[in-house]
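In what follows, a structure is listed as C-alpha coordinates, so that the remarks can point back to it.
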Number of protein chains: 2
Amino acid sequence: MPRSSISKRFGLVVRSFRIRSGLSQETLAERAGLHPSYVSMVERGTRNATLDVAERIASALQTSLKELITACEGLTVEGTGA
Amino acid sequence: MPRSSISKRFGLVVRSFRIRSGLSQETLAERAGLHPSYVSMVERGTRNATLDVAERIASALQTSLKELITACEGLTVEGTGA
(Lines give C-alpha, C1' and ligand atoms only; values in the text may rest on other atoms or scores of the structure.)
Protein backbone atom coordinates (compact mmCIF):
# COMPACT_ATOMS: atom_id res chain seq x y z
CA MET A 1 0.00 0.00 0.00
CA PRO A 2 1.56 3.33 -0.96
CA ARG A 3 2.24 5.86 1.71
CA SER A 4 -0.14 8.78 1.47
CA SER A 5 0.94 12.38 1.34
CA ILE A 6 1.69 14.08 4.61
CA SER A 7 -1.29 16.41 4.00
CA LYS A 8 -3.65 13.46 3.79
CA ARG A 9 -2.20 11.77 6.85
CA PHE A 10 -2.11 14.99 8.83
CA GLY A 11 -5.75 15.65 7.97
CA LEU A 12 -6.83 12.24 9.21
CA VAL A 13 -4.88 12.69 12.42
CA VAL A 14 -6.37 16.14 13.05
CA ARG A 15 -9.89 14.80 12.47
CA SER A 16 -9.23 11.88 14.79
CA PHE A 17 -7.85 14.08 17.58
CA ARG A 18 -10.67 16.60 17.10
CA ILE A 19 -13.44 14.00 17.31
CA ARG A 20 -11.76 12.40 20.30
CA SER A 21 -11.81 15.82 21.98
CA GLY A 22 -15.50 16.24 21.20
CA LEU A 23 -14.88 19.42 19.23
CA SER A 24 -16.68 20.60 16.12
CA GLN A 25 -14.68 21.89 13.15
CA GLU A 26 -16.06 25.34 14.00
CA THR A 27 -14.78 25.22 17.57
CA LEU A 28 -11.39 23.95 16.50
CA ALA A 29 -11.19 26.68 13.86
CA GLU A 30 -12.13 29.36 16.36
CA ARG A 31 -9.56 28.17 18.87
CA ALA A 32 -6.85 28.04 16.21
CA GLY A 33 -7.80 31.38 14.69
CA LEU A 34 -8.60 29.78 11.35
CA HIS A 35 -11.63 29.77 9.08
CA PRO A 36 -13.85 26.67 9.48
CA SER A 37 -13.57 25.94 5.75
CA TYR A 38 -9.80 26.00 6.06
CA VAL A 39 -9.93 23.43 8.86
CA SER A 40 -12.24 21.33 6.71
CA MET A 41 -9.74 21.43 3.82
CA VAL A 42 -6.87 20.52 6.12
CA GLU A 43 -8.83 17.53 7.44
CA ARG A 44 -9.61 16.38 3.93
CA GLY A 45 -5.96 16.73 2.96
CA THR A 46 -6.73 19.17 0.18
CA ARG A 47 -4.83 21.96 1.86
CA ASN A 48 -1.15 21.61 2.66
CA ALA A 49 -0.82 23.30 6.05
CA THR A 50 2.25 25.29 6.94
CA LEU A 51 4.18 24.39 10.08
CA ASP A 52 2.77 27.52 11.72
CA VAL A 53 -0.85 26.53 11.04
CA ALA A 54 -0.14 22.92 11.98
CA GLU A 55 1.22 24.07 15.33
CA ARG A 56 -1.79 26.31 15.95
CA ILE A 57 -4.09 23.37 15.23
CA ALA A 58 -2.09 21.19 17.62
CA SER A 59 -2.34 23.84 20.31
CA ALA A 60 -6.10 24.19 19.75
CA LEU A 61 -6.34 20.42 20.22
CA GLN A 62 -4.39 20.78 23.47
CA THR A 63 -1.56 18.68 22.14
CA SER A 64 1.79 19.35 20.48
CA LEU A 65 2.83 19.34 16.85
CA LYS A 66 5.21 16.54 17.76
CA GLU A 67 2.26 14.40 18.90
CA LEU A 68 0.34 15.01 15.69
CA ILE A 69 3.35 14.31 13.46
CA THR A 70 4.17 11.19 15.45
CA ALA A 71 0.61 9.99 14.86
CA CYS A 72 1.11 10.63 11.12
CA GLU A 73 4.20 8.45 10.91
CA GLY A 74 3.55 5.09 9.41
CA LEU A 75 -0.10 5.91 8.78
CA THR A 76 -1.27 4.50 5.48
CA VAL A 77 -4.49 5.51 3.81
CA GLU A 78 -6.13 2.96 1.61
CA GLY A 79 -7.03 3.97 -1.89
CA THR A 80 -5.81 7.54 -1.78
CA GLY A 81 -2.40 6.86 -3.26
CA ALA A 82 0.60 9.10 -2.81
CA MET B 1 12.71 33.68 27.30
CA PRO B 2 9.86 33.66 24.77
CA ARG B 3 9.39 30.65 22.61
CA SER B 4 10.31 31.36 19.02
CA SER B 5 8.07 30.71 16.09
CA ILE B 6 8.02 27.20 14.70
CA SER B 7 9.53 28.55 11.46
CA LYS B 8 12.52 29.92 13.32
CA ARG B 9 13.00 26.76 15.34
CA PHE B 10 12.52 24.51 12.33
CA GLY B 11 15.10 26.53 10.38
CA LEU B 12 17.69 26.15 13.11
CA VAL B 13 17.04 22.43 13.35
CA VAL B 14 17.34 21.96 9.57
CA ARG B 15 20.62 23.90 9.53
CA SER B 16 21.95 21.86 12.42
CA PHE B 17 21.02 18.52 10.81
CA ARG B 18 22.37 19.67 7.43
CA ILE B 19 25.74 20.76 8.81
CA ARG B 20 25.98 17.58 10.85
CA SER B 21 25.43 15.64 7.62
CA GLY B 22 28.18 17.61 5.86
CA LEU B 23 25.77 18.86 3.21
CA SER B 24 25.74 22.25 1.53
CA GLN B 25 22.46 24.15 1.14
CA GLU B 26 22.76 23.46 -2.59
CA THR B 27 23.02 19.70 -2.11
CA LEU B 28 20.16 19.64 0.36
CA ALA B 29 18.05 21.71 -2.03
CA GLU B 30 18.83 19.41 -4.94
CA ARG B 31 17.98 16.31 -2.93
CA ALA B 32 14.70 17.83 -1.74
CA GLY B 33 13.76 19.20 -5.16
CA LEU B 34 13.79 22.77 -3.87
CA HIS B 35 15.55 25.95 -4.92
CA PRO B 36 18.70 26.72 -2.88
CA SER B 37 17.34 30.16 -2.01
CA TYR B 38 14.19 28.54 -0.67
CA VAL B 39 16.26 26.29 1.60
CA SER B 40 18.18 29.34 2.75
CA MET B 41 14.95 31.13 3.65
CA VAL B 42 13.64 28.08 5.50
CA GLU B 43 16.88 27.88 7.51
CA ARG B 44 16.66 31.57 8.41
CA GLY B 45 13.05 31.12 9.45
CA THR B 46 11.81 33.71 6.98
CA ARG B 47 9.80 31.15 5.07
CA ASN B 48 7.05 29.14 6.72
CA ALA B 49 7.45 25.69 5.19
CA THR B 50 4.44 23.55 4.43
CA LEU B 51 4.25 20.05 5.91
CA ASP B 52 4.97 18.68 2.45
CA VAL B 53 8.17 20.69 2.03
CA ALA B 54 9.19 19.98 5.62
CA GLU B 55 8.86 16.26 4.97
CA ARG B 56 10.88 16.49 1.75
CA ILE B 57 13.64 18.30 3.64
CA ALA B 58 13.56 15.63 6.34
CA SER B 59 13.84 12.92 3.71
CA ALA B 60 16.74 14.71 2.01
CA LEU B 61 18.46 14.81 5.40
CA GLN B 62 17.85 11.07 5.71
CA THR B 63 15.67 11.54 8.74
CA SER B 64 11.94 11.80 9.42
CA LEU B 65 9.71 14.81 9.91
CA LYS B 66 9.00 13.44 13.36
CA GLU B 67 12.71 13.68 14.23
CA LEU B 68 12.95 17.27 13.03
CA ILE B 69 9.79 18.36 14.86
CA THR B 70 10.93 16.58 18.01
CA ALA B 71 14.19 18.53 17.82
CA CYS B 72 12.14 21.74 17.51
CA GLU B 73 10.19 21.10 20.68
CA GLY B 74 11.37 23.10 23.61
CA LEU B 75 13.98 24.86 21.52
CA THR B 76 14.29 28.52 22.49
CA VAL B 77 16.07 31.06 20.39
CA GLU B 78 17.57 33.98 22.25
CA GLY B 79 16.73 37.45 21.09
CA THR B 80 14.46 36.58 18.23
CA GLY B 81 11.19 36.74 20.17
CA ALA B 82 8.02 35.04 19.12
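Within each chain, counting starts at residue 1; across the C-alpha coordinates, chains are named A, B, ... in the order shown, with ligands numbered 1 upward in that order.
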6 Å contacts from chain B to chain A using only C-alpha atoms, as a PyMOL selection string: chain B and resi 49-51+66+69-70
In chain A, DSSP helix (DSSP H, G or I) residues written as JSON, numbers by chain: {"A": [6, 7, 8, 9, 10, 11, 12, 13, 14, 15, 16, 17, 18, 19, 20, 25, 26, 27, 28, 29, 30, 31, 32, 36, 37, 38, 39, 40, 41, 42, 43, 44, 51, 52, 53, 54, 55, 56, 57, 58, 59, 60, 65, 66, 67, 68, 69, 70, 71, 72]}
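CA of Ser4 (chain B) lies 18.6 Å from CA of Phe17 (chain B).
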Residue nearest Gln25 (chain A) - candidates A:Ile57, A:Lys8, A:Val13, A:Val39, atoms counted: only C-alpha atoms: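 Smallest separation from Gln25 (chain A) among the options: A:Val39.
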Output chain A, superimposed onto chain B using in-order Cα pairs, as a JSON list (two decimals) with N, CA and C atoms, in the first residue's frame:
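Generated file (result25.json):
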```
[["chain", "number", "residue", "atom", "x", "y", "z"],
["A", 1, "MET", "N", 12.45, 33.50, 28.70],
["A", 1, "MET", "CA", 12.76, 33.67, 27.28],
["A", 1, "MET", "C", 11.55, 33.21, 26.45],
["A", 2, "PRO", "N", 11.07, 34.04, 25.54],
["A", 2, "PRO", "CA", 9.89, 33.63, 24.79],
["A", 2, "PRO", "C", 10.21, 32.51, 23.82],
["A", 3, "ARG", "N", 9.23, 31.73, 23.56],
["A", 3, "ARG", "CA", 9.39, 30.62, 22.62],
["A", 3, "ARG", "C", 9.32, 31.20, 21.21],
["A", 4, "SER", "N", 10.28, 30.82, 20.39],
["A", 4, "SER", "CA", 10.31, 31.35, 19.04],
["A", 4, "SER", "C", 9.28, 30.66, 18.16],
["A", 5, "SER", "N", 9.01, 31.26, 17.04],
["A", 5, "SER", "CA", 8.06, 30.69, 16.09],
["A", 5, "SER", "C", 8.57, 29.34, 15.60],
["A", 6, "ILE", "N", 7.65, 28.51, 15.21],
["A", 6, "ILE", "CA", 8.02, 27.19, 14.71],
["A", 6, "ILE", "C", 8.93, 27.33, 13.47],
["A", 7, "SER", "N", 8.69, 28.35, 12.65],
["A", 7, "SER", "CA", 9.53, 28.55, 11.46],
["A", 7, "SER", "C", 10.99, 28.77, 11.84],
["A", 8, "LYS", "N", 11.17, 29.60, 12.86],
["A", 8, "LYS", "CA", 12.52, 29.91, 13.32],
["A", 8, "LYS", "C", 13.19, 28.65, 13.89],
["A", 9, "ARG", "N", 12.45, 27.96, 14.72],
["A", 9, "ARG", "CA", 13.01, 26.75, 15.35],
["A", 9, "ARG", "C", 13.28, 25.66, 14.30],
["A", 10, "PHE", "N", 12.34, 25.51, 13.38],
["A", 10, "PHE", "CA", 12.53, 24.51, 12.34],
["A", 10, "PHE", "C", 13.77, 24.83, 11.50],
["A", 11, "GLY", "N", 13.94, 26.10, 11.18],
["A", 11, "GLY", "CA", 15.10, 26.52, 10.39],
["A", 11, "GLY", "C", 16.41, 26.19, 11.08],
["A", 12, "LEU", "N", 16.47, 26.44, 12.37],
["A", 12, "LEU", "CA", 17.69, 26.14, 13.13],
["A", 12, "LEU", "C", 17.97, 24.64, 13.16],
["A", 13, "VAL", "N", 16.90, 23.88, 13.30],
["A", 13, "VAL", "CA", 17.05, 22.42, 13.35],
["A", 13, "VAL", "C", 17.52, 21.89, 11.99],
["A", 14, "VAL", "N", 16.93, 22.41, 10.92],
["A", 14, "VAL", "CA", 17.34, 21.97, 9.57],
["A", 14, "VAL", "C", 18.82, 22.29, 9.36],
["A", 15, "ARG", "N", 19.21, 23.51, 9.71],
["A", 15, "ARG", "CA", 20.62, 23.90, 9.53],
["A", 15, "ARG", "C", 21.54, 22.98, 10.33],
["A", 16, "SER", "N", 21.14, 22.71, 11.56],
["A", 16, "SER", "CA", 21.95, 21.85, 12.42],
["A", 16, "SER", "C", 22.08, 20.44, 11.83],
["A", 17, "PHE", "N", 20.98, 19.86, 11.41],
["A", 17, "PHE", "CA", 21.02, 18.52, 10.81],
["A", 17, "PHE", "C", 21.83, 18.53, 9.51],
["A", 18, "ARG", "N", 21.66, 19.59, 8.71],
["A", 18, "ARG", "CA", 22.36, 19.67, 7.43],
["A", 18, "ARG", "C", 23.88, 19.73, 7.65],
["A", 19, "ILE", "N", 24.31, 20.60, 8.56],
["A", 19, "ILE", "CA", 25.75, 20.75, 8.82],
["A", 19, "ILE", "C", 26.32, 19.45, 9.38],
["A", 20, "ARG", "N", 25.55, 18.83, 10.26],
["A", 20, "ARG", "CA", 25.98, 17.56, 10.85],
["A", 20, "ARG", "C", 26.16, 16.49, 9.76],
["A", 21, "SER", "N", 25.34, 16.60, 8.72],
["A", 21, "SER", "CA", 25.43, 15.63, 7.60],
["A", 21, "SER", "C", 26.50, 16.01, 6.59],
["A", 22, "GLY", "N", 27.12, 17.17, 6.79],
["A", 22, "GLY", "CA", 28.16, 17.61, 5.87],
["A", 22, "GLY", "C", 27.63, 18.03, 4.51],
["A", 23, "LEU", "N", 26.38, 18.45, 4.47],
["A", 23, "LEU", "CA", 25.77, 18.86, 3.20],
["A", 23, "LEU", "C", 25.78, 20.38, 3.06],
["A", 24, "SER", "N", 25.91, 20.82, 1.81],
["A", 24, "SER", "CA", 25.75, 22.25, 1.53],
["A", 24, "SER", "C", 24.25, 22.51, 1.34],
["A", 25, "GLN", "N", 23.87, 23.80, 1.40],
["A", 25, "GLN", "CA", 22.47, 24.15, 1.15],
["A", 25, "GLN", "C", 22.08, 23.71, -0.26],
["A", 26, "GLU", "N", 23.04, 23.82, -1.20],
["A", 26, "GLU", "CA", 22.75, 23.46, -2.59],
["A", 26, "GLU", "C", 22.44, 21.97, -2.71],
["A", 27, "THR", "N", 23.23, 21.16, -2.03],
["A", 27, "THR", "CA", 23.02, 19.71, -2.11],
["A", 27, "THR", "C", 21.69, 19.33, -1.46],
["A", 28, "LEU", "N", 21.43, 19.92, -0.30],
["A", 28, "LEU", "CA", 20.16, 19.65, 0.37],
["A", 28, "LEU", "C", 19.00, 20.05, -0.54],
["A", 29, "ALA", "N", 19.11, 21.23, -1.14],
["A", 29, "ALA", "CA", 18.04, 21.72, -2.02],
["A", 29, "ALA", "C", 17.83, 20.76, -3.19],
["A", 30, "GLU", "N", 18.93, 20.33, -3.78],
["A", 30, "GLU", "CA", 18.82, 19.43, -4.93],
["A", 30, "GLU", "C", 18.15, 18.12, -4.53],
["A", 31, "ARG", "N", 18.56, 17.58, -3.40],
["A", 31, "ARG", "CA", 17.97, 16.32, -2.93],
["A", 31, "ARG", "C", 16.48, 16.46, -2.63],
["A", 32, "ALA", "N", 16.10, 17.64, -2.13],
["A", 32, "ALA", "CA", 14.70, 17.84, -1.74],
["A", 32, "ALA", "C", 13.85, 18.38, -2.89],
["A", 33, "GLY", "N", 14.52, 18.67, -4.02],
["A", 33, "GLY", "CA", 13.77, 19.21, -5.15],
["A", 33, "GLY", "C", 13.31, 20.63, -4.92],
["A", 34, "LEU", "N", 14.13, 21.39, -4.19],
["A", 34, "LEU", "CA", 13.79, 22.78, -3.87],
["A", 34, "LEU", "C", 14.88, 23.70, -4.41],
["A", 35, "HIS", "N", 14.56, 24.98, -4.49],
["A", 35, "HIS", "CA", 15.56, 25.96, -4.92],
["A", 35, "HIS", "C", 16.48, 26.27, -3.74],
["A", 36, "PRO", "N", 17.79, 26.42, -3.98],
["A", 36, "PRO", "CA", 18.71, 26.73, -2.87],
["A", 36, "PRO", "C", 18.29, 27.97, -2.07],
["A", 37, "SER", "N", 17.74, 28.96, -2.74],
["A", 37, "SER", "CA", 17.35, 30.17, -2.00],
["A", 37, "SER", "C", 16.14, 29.88, -1.10],
["A", 38, "TYR", "N", 15.34, 28.93, -1.50],
["A", 38, "TYR", "CA", 14.20, 28.55, -0.66],
["A", 38, "TYR", "C", 14.71, 27.87, 0.62],
["A", 39, "VAL", "N", 15.68, 26.97, 0.44],
["A", 39, "VAL", "CA", 16.26, 26.29, 1.60],
["A", 39, "VAL", "C", 16.90, 27.32, 2.54],
["A", 40, "SER", "N", 17.57, 28.29, 1.94],
["A", 40, "SER", "CA", 18.19, 29.34, 2.75],
["A", 40, "SER", "C", 17.14, 30.10, 3.58],
["A", 41, "MET", "N", 16.01, 30.41, 2.95],
["A", 41, "MET", "CA", 14.94, 31.13, 3.66],
["A", 41, "MET", "C", 14.33, 30.27, 4.77],
["A", 42, "VAL", "N", 14.18, 28.98, 4.49],
["A", 42, "VAL", "CA", 13.65, 28.08, 5.52],
["A", 42, "VAL", "C", 14.61, 28.05, 6.71],
["A", 43, "GLU", "N", 15.90, 27.94, 6.43],
["A", 43, "GLU", "CA", 16.88, 27.88, 7.52],
["A", 43, "GLU", "C", 16.91, 29.17, 8.34],
["A", 44, "ARG", "N", 16.67, 30.28, 7.68],
["A", 44, "ARG", "CA", 16.66, 31.56, 8.40],
["A", 44, "ARG", "C", 15.31, 31.83, 9.08],
["A", 45, "GLY", "N", 14.35, 30.96, 8.82],
["A", 45, "GLY", "CA", 13.04, 31.12, 9.46],
["A", 45, "GLY", "C", 12.20, 32.20, 8.83],
["A", 46, "THR", "N", 12.58, 32.64, 7.64],
["A", 46, "THR", "CA", 11.81, 33.70, 6.98],
["A", 46, "THR", "C", 10.76, 33.12, 6.03],
["A", 47, "ARG", "N", 10.80, 31.81, 5.89],
["A", 47, "ARG", "CA", 9.81, 31.15, 5.05],
["A", 47, "ARG", "C", 9.14, 30.08, 5.90],
["A", 48, "ASN", "N", 7.82, 30.12, 5.94],
["A", 48, "ASN", "CA", 7.07, 29.15, 6.72],
["A", 48, "ASN", "C", 6.78, 27.92, 5.86],
["A", 49, "ALA", "N", 7.58, 26.89, 6.02],
["A", 49, "ALA", "CA", 7.45, 25.69, 5.18],
["A", 49, "ALA", "C", 6.11, 25.00, 5.39],
["A", 50, "THR", "N", 5.62, 24.40, 4.32],
["A", 50, "THR", "CA", 4.44, 23.55, 4.45],
["A", 50, "THR", "C", 4.89, 22.18, 4.96],
["A", 51, "LEU", "N", 3.92, 21.40, 5.42],
["A", 51, "LEU", "CA", 4.26, 20.06, 5.91],
["A", 51, "LEU", "C", 4.91, 19.23, 4.81],
["A", 52, "ASP", "N", 4.43, 19.42, 3.58],
["A", 52, "ASP", "CA", 4.97, 18.68, 2.44],
["A", 52, "ASP", "C", 6.45, 19.00, 2.23],
["A", 53, "VAL", "N", 6.77, 20.28, 2.21],
["A", 53, "VAL", "CA", 8.17, 20.70, 2.03],
["A", 53, "VAL", "C", 9.02, 20.25, 3.23],
["A", 54, "ALA", "N", 8.46, 20.38, 4.41],
["A", 54, "ALA", "CA", 9.19, 19.98, 5.62],
["A", 54, "ALA", "C", 9.53, 18.50, 5.57],
["A", 55, "GLU", "N", 8.60, 17.71, 5.06],
["A", 55, "GLU", "CA", 8.85, 16.27, 4.97],
["A", 55, "GLU", "C", 9.91, 15.95, 3.90],
["A", 56, "ARG", "N", 9.87, 16.72, 2.80],
["A", 56, "ARG", "CA", 10.88, 16.50, 1.75],
["A", 56, "ARG", "C", 12.27, 16.86, 2.26],
["A", 57, "ILE", "N", 12.34, 17.92, 3.06],
["A", 57, "ILE", "CA", 13.63, 18.31, 3.64],
["A", 57, "ILE", "C", 14.11, 17.22, 4.60],
["A", 58, "ALA", "N", 13.20, 16.71, 5.41],
["A", 58, "ALA", "CA", 13.56, 15.63, 6.35],
["A", 58, "ALA", "C", 14.11, 14.43, 5.58],
["A", 59, "SER", "N", 13.42, 14.08, 4.52],
["A", 59, "SER", "CA", 13.83, 12.93, 3.72],
["A", 59, "SER", "C", 15.22, 13.17, 3.10],
["A", 60, "ALA", "N", 15.43, 14.39, 2.62],
["A", 60, "ALA", "CA", 16.73, 14.73, 2.02],
["A", 60, "ALA", "C", 17.85, 14.68, 3.07],
["A", 61, "LEU", "N", 17.48, 14.87, 4.31],
["A", 61, "LEU", "CA", 18.45, 14.81, 5.41],
["A", 61, "LEU", "C", 18.55, 13.39, 5.98],
["A", 62, "GLN", "N", 17.90, 12.47, 5.30],
["A", 62, "GLN", "CA", 17.85, 11.07, 5.72],
["A", 62, "GLN", "C", 17.34, 10.89, 7.14],
["A", 63, "THR", "N", 16.32, 11.68, 7.46],
["A", 63, "THR", "CA", 15.67, 11.54, 8.75],
["A", 63, "THR", "C", 14.16, 11.64, 8.50],
["A", 64, "SER", "N", 13.39, 11.72, 9.56],
["A", 64, "SER", "CA", 11.94, 11.82, 9.41],
["A", 64, "SER", "C", 11.46, 13.18, 9.90],
["A", 65, "LEU", "N", 10.29, 13.56, 9.45],
["A", 65, "LEU", "CA", 9.71, 14.82, 9.91],
["A", 65, "LEU", "C", 9.53, 14.79, 11.43],
["A", 66, "LYS", "N", 9.16, 13.63, 11.92],
["A", 66, "LYS", "CA", 9.00, 13.46, 13.37],
["A", 66, "LYS", "C", 10.28, 13.83, 14.11],
["A", 67, "GLU", "N", 11.43, 13.37, 13.59],
["A", 67, "GLU", "CA", 12.71, 13.68, 14.23],
["A", 67, "GLU", "C", 12.96, 15.19, 14.25],
["A", 68, "LEU", "N", 12.70, 15.83, 13.12],
["A", 68, "LEU", "CA", 12.95, 17.27, 13.04],
["A", 68, "LEU", "C", 12.02, 18.04, 13.98],
["A", 69, "ILE", "N", 10.74, 17.65, 14.00],
["A", 69, "ILE", "CA", 9.79, 18.36, 14.86],
["A", 69, "ILE", "C", 10.12, 18.11, 16.34],
["A", 70, "THR", "N", 10.53, 16.90, 16.63],
["A", 70, "THR", "CA", 10.92, 16.58, 18.01],
["A", 70, "THR", "C", 12.09, 17.47, 18.43],
["A", 71, "ALA", "N", 13.03, 17.67, 17.51],
["A", 71, "ALA", "CA", 14.19, 18.52, 17.82],
["A", 71, "ALA", "C", 13.77, 19.98, 18.00],
["A", 72, "CYS", "N", 12.66, 20.36, 17.38],
["A", 72, "CYS", "CA", 12.15, 21.74, 17.51],
["A", 72, "CYS", "C", 11.51, 21.99, 18.87],
["A", 73, "GLU", "N", 10.95, 20.95, 19.45],
["A", 73, "GLU", "CA", 10.19, 21.10, 20.69],
["A", 73, "GLU", "C", 11.09, 21.58, 21.83],
["A", 74, "GLY", "N", 10.65, 22.61, 22.45],
["A", 74, "GLY", "CA", 11.39, 23.10, 23.61],
["A", 74, "GLY", "C", 12.58, 23.96, 23.25],
["A", 75, "LEU", "N", 12.87, 24.04, 21.95],
["A", 75, "LEU", "CA", 14.00, 24.88, 21.52],
["A", 75, "LEU", "C", 13.63, 26.34, 21.72],
["A", 76, "THR", "N", 14.52, 27.08, 22.34],
["A", 76, "THR", "CA", 14.28, 28.52, 22.47],
["A", 76, "THR", "C", 15.41, 29.25, 21.76],
["A", 77, "VAL", "N", 15.08, 30.36, 21.17],
["A", 77, "VAL", "CA", 16.07, 31.09, 20.39],
["A", 77, "VAL", "C", 16.20, 32.49, 20.96],
["A", 78, "GLU", "N", 17.36, 32.75, 21.51],
["A", 78, "GLU", "CA", 17.57, 34.01, 22.21],
["A", 78, "GLU", "C", 17.45, 35.21, 21.28],
["A", 79, "GLY", "N", 16.69, 36.17, 21.73],
["A", 79, "GLY", "CA", 16.69, 37.45, 21.03],
["A", 79, "GLY", "C", 15.76, 37.55, 19.83],
["A", 80, "THR", "N", 15.23, 36.44, 19.37],
["A", 80, "THR", "CA", 14.42, 36.51, 18.17],
["A", 80, "THR", "C", 12.94, 36.71, 18.46],
["A", 81, "GLY", "N", 12.57, 36.57, 19.74],
["A", 81, "GLY", "CA", 11.19, 36.76, 20.11],
["A", 81, "GLY", "C", 10.26, 35.71, 19.56],
["A", 82, "ALA", "N", 8.96, 36.02, 19.58],
["A", 82, "ALA", "CA", 7.98, 35.03, 19.13],
["A", 82, "ALA", "C", 7.87, 35.04, 17.62]]
```
